[in-house]
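Asks: Here's a structure for you.
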Protein chains: 2
Amino acid sequence: MSIPDQVARRTQPNADSAAEDYLKTIYHHTEWQSAPVTPSVLAATMGVAPSSVTEMAKKLSAAGLVNYEPYKPLTLTPEGTARARGVIRRHRLIETWLVDEMGYDWHEVHDEAEVLEHSISDRLLDAIDTRLGHPTRDPHGDPIPAADGSVENSPALLLSQAAVGTSGMVVRISDRDPSLLLSLAAAGIRPSTTLSVVSRDAGAGFIVRVALASDADADTGPLVPVSASGSSSIWISAPA
Amino acid sequence: MSIPDQVARRTQPNADSAAEDYLKTIYHHTEWQSAPVTPSVLAATMGVAPSSVTEMAKKLSAAGLVNYEPYKPLTLTPEGTARARGVIRRHRLIETWLVDEMGYDWHEVHDEAEVLEHSISDRLLDAIDTRLGHPTRDPHGDPIPAADGSVENSPALLLSQAAVGTSGMVVRISDRDPSLLLSLAAAGIRPSTTLSVVSRDAGAGFIVRVALASDADADTGPLVPVSASGSSSIWISAPA
DNA sequence: GCGAATTTTTAGGCGTGCCTAAAAATTCAA
DNA sequence: TTGAATTTTTAGGCACGCCTAAAAATTCGC
């Protein structure tokens, strides 16, 4: 017994973080847009070559996590959905923790969470969840899947689909683009802000009126332009 | 511009966590035992094959982090030492945080820290450090290197080298073996416990008297056996 | 409905970090 | 000091996750 067993190590990197990223991304597409996820869309979203998607699709399919048939869109199996929700739960709890306890601003948390979501243990995640009091929304307003996998989905309206005159409260803003978050925050737009659509233009984007906290429905708030891409990253509560 | 640039991703795993593990392990050997680190020792410690060590030694040497010449022991360059201390700082701050804030017990933190030390950002590490008030010792009594790389090294005596009759305060216990930590904790031995050596036997180990907190020097504490390996994991303050 | 454009898959490679087996160097011991 | 034992290095492979280029399938537009 000169040298100890060197088994077990082998596949040592952070578990299957690549696989988890695919599952997460597939889930996101079905969570928000309801379009089926084609390999090319997935490749573009993840910044990998289409052939990488094909490869991983086969592996995930063999593992029973995605439904894959050549030349068809990808969907998650129930197990795959559960795994994806688990990753998203980690991501959003970590973001919430960073903002609530560690002094981060909401536009700064995405990248850190992107890494930690693959390396935190269940034990530590539970500790964080408990400390935070089992939050159900992250700092961007995204629902945090519960430990049992259930997700609270309140109906909301994408700003890009709101007609002129519509008003409502911002319930959710995509965390994908930190610079967008920064500019929205600067304009006073964040979850729970009340907005009304003043004008919309297919190409140029929107102009919204941001209601002042004190006087929610008056026409006194500042007018703020929102780009077309920004408008498809903001959800407002469906009008009453 | 159908598909965005897919550069940058490439070497995406958690930076160079393998390299960092080698640096850390080399550093540990010189920090505690002062024997030179041969490839075989390193291989055994890390649970990899000797040939893997040779390979990595070449890479680290090319990167200017270790001094490597074929058939000779490995040492760290100044840059390598700095990097190693950085990793150890991360590890120990994370352990301290887990115990102080997240409800972990001191024997449970090693594995979690082992993973997180490679994925936490500098930003988050600073936030943790600040929250904890810039601690200088982790829960096992190990010194936490400062952000500037300096390490406070208080002289201590390895229990395995203490003569019968020696007494002193436990200042440090190696965190490498969780089961040892657990049994020591059960026996009431942890940093700041006062011990005196009652008997020692090269093969069988030691018997120490654990002083009761209230009455540090009296002969009233329980007698506790410490294995030979345990005795080389415990440091006590050098006798006054 | 059929060729062109696009999407997807296949084929072949690359770097990392690990392995085993065999060769080379070093160390030990009689 | 010299042959045996041990240590270290070299050589050749493997899995992963990514890539590019080329081939195949699908979809689109006239």
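Please note that chains go A, B, ... in the order of the structure tokens, that every chain numbers its residues from 1, and that ligands are numbered from 1 in the order shown.
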DSSP on the backbone: what in region 47-125 of chain A comes out strand (DSSP E or B), as a PyMOL selection string?

Replies: chain A and resi 66-67+74-76

Asks: Using only C-alpha atoms (C1' of nucleotides), which residues sit within 12 Å of DT1 (chain D) once same-chain residues fewer than 3 positions away are excluded, as a PyMOL selection string?

Replies: chain C and resi 28-30

Asks: Output the contact residues of chain D with respect to chain B at a cut-off of 10 Å, based on only C-alpha atoms (C1' of nucleotides), as number ranges by chain.

Replies: D: 7-10, 17-19

Asks: Kindly give the distance, in Å, that separates CA of Thr166 (chain A) and CA of Ile207 (chain A), rounded to a single decimal.

Replies: 11.8 Å

Asks: With a distance threshold of 8 Å and counting only C-alpha atoms (C1' of nucleotides), extract the residues of chain B near chain C and express them as a JSON list (two decimals) with all heavy atoms, in the first residue's frame.

Replies:
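Dumped everything to result16.json:
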```json
[["chain", "number", "residue", "atom", "x", "y", "z"],
["B", 18, "ALA", "N", -7.31, 23.36, -10.48],
["B", 18, "ALA", "CA", -6.36, 22.27, -10.29],
["B", 18, "ALA", "C", -5.00, 22.84, -9.90],
["B", 18, "ALA", "O", -4.38, 22.41, -8.93],
["B", 18, "ALA", "CB", -6.25, 21.42, -11.54],
["B", 48, "VAL", "N", -3.39, 11.78, -6.51],
["B", 48, "VAL", "CA", -3.23, 11.64, -7.96],
["B", 48, "VAL", "C", -2.00, 10.79, -8.23],
["B", 48, "VAL", "O", -1.21, 10.52, -7.33],
["B", 48, "VAL", "CB", -3.08, 13.00, -8.67],
["B", 48, "VAL", "CG1", -4.28, 13.89, -8.40],
["B", 48, "VAL", "CG2", -1.79, 13.68, -8.27],
["B", 49, "ALA", "N", -1.84, 10.37, -9.47],
["B", 49, "ALA", "CA", -0.68, 9.56, -9.84],
["B", 49, "ALA", "C", 0.55, 10.47, -9.93],
["B", 49, "ALA", "O", 0.43, 11.65, -10.25],
["B", 49, "ALA", "CB", -0.92, 8.90, -11.18],
["B", 52, "SER", "N", 0.99, 12.62, -12.90],
["B", 52, "SER", "CA", 0.18, 13.84, -12.97],
["B", 52, "SER", "C", 0.93, 15.00, -12.33],
["B", 52, "SER", "O", 0.84, 16.14, -12.79],
["B", 52, "SER", "CB", -1.15, 13.64, -12.25],
["B", 52, "SER", "OG", -1.85, 12.56, -12.81],
["B", 71, "TYR", "N", 13.61, 15.39, -11.21],
["B", 71, "TYR", "CA", 14.15, 14.56, -10.12],
["B", 71, "TYR", "C", 14.47, 15.33, -8.85],
["B", 71, "TYR", "O", 15.13, 14.81, -7.97],
["B", 71, "TYR", "CB", 15.38, 13.76, -10.61],
["B", 71, "TYR", "CG", 15.04, 12.81, -11.72],
["B", 71, "TYR", "CD1", 15.30, 13.13, -13.05],
["B", 71, "TYR", "CD2", 14.40, 11.59, -11.45],
["B", 71, "TYR", "CE1", 14.95, 12.27, -14.08],
["B", 71, "TYR", "CE2", 14.05, 10.73, -12.48],
["B", 71, "TYR", "CZ", 14.33, 11.07, -13.80],
["B", 71, "TYR", "OH", 13.98, 10.22, -14.81]]
```

Asks: Between CA of His140 (chain B) and CA of Pro225 (chain B), what is the spacing in Å?

Replies: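 Taking CA of Pro225 (chain B) as the start and CA of His140 (chain B) as the end point, the length is 19.7 Å.
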
Asks: Hey, what does DSSP flag as helix (DSSP H, G or I) within region 81-119 of chain B? Can you give it to me as an NGL selection string?

Replies: :B and (81-101 or 109-116)

Asks: What does the structure give for the distance between CA of His107 (chain B) and CA of Asp148 (chain B), in Å to one decimal?

Replies: 28.0 Å

Asks: Let me make sure I understand: among A:Ser154, A:Ser233, A:Ser119, A:Gln161, which one has the smallest atom-to-atom distance to Ile173 (chain A) if we use only C-alpha atoms?

Replies: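 So, comparing all the options, the nearest one is A:Ser233.
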
Asks: Pick out the residues sitting within 10 Å of Glu79 (chain A), and hand them over as a PDB file with N, CA and C atoms, in the first residue's frame; count only C-alpha atoms (C1' of nucleotides), and ignore anything fewer than 4 positions along from it in its own chain.

Replies:
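Output file result27.pdb follows:
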```
ATOM      1  N   ALA A  63     -29.202  10.702 -20.484  1.00  0.00           N
ATOM      2  CA  ALA A  63     -29.341  10.776 -19.032  1.00  0.00           C
ATOM      3  C   ALA A  63     -30.792  10.954 -18.612  1.00  0.00           C
ATOM      4  N   GLY A  64     -31.688  11.012 -19.609  1.00  0.00           N
ATOM      5  CA  GLY A  64     -33.108  11.126 -19.284  1.00  0.00           C
ATOM      6  C   GLY A  64     -33.538  12.520 -18.862  1.00  0.00           C
ATOM      7  N   LEU A  65     -32.759  13.526 -19.228  1.00  0.00           N
ATOM      8  CA  LEU A  65     -33.073  14.888 -18.779  1.00  0.00           C
ATOM      9  C   LEU A  65     -33.726  15.747 -19.852  1.00  0.00           C
ATOM     10  N   VAL A  66     -33.422  15.452 -21.117  1.00  0.00           N
ATOM     11  CA  VAL A  66     -34.116  16.181 -22.186  1.00  0.00           C
ATOM     12  C   VAL A  66     -34.664  15.189 -23.204  1.00  0.00           C
ATOM     13  N   ARG A  83     -34.376  19.268 -12.302  1.00  0.00           N
ATOM     14  CA  ARG A  83     -32.975  19.660 -12.164  1.00  0.00           C
ATOM     15  C   ARG A  83     -32.780  21.131 -12.498  1.00  0.00           C
ATOM     16  N   ALA A  84     -33.445  21.574 -13.568  1.00  0.00           N
ATOM     17  CA  ALA A  84     -33.322  22.970 -13.974  1.00  0.00           C
ATOM     18  C   ALA A  84     -33.844  23.890 -12.877  1.00  0.00           C
ATOM     19  N   ARG A  85     -34.975  23.521 -12.306  1.00  0.00           N
ATOM     20  CA  ARG A  85     -35.527  24.355 -11.234  1.00  0.00           C
ATOM     21  C   ARG A  85     -34.593  24.403 -10.039  1.00  0.00           C
TER      22      ARG A  85
END
```
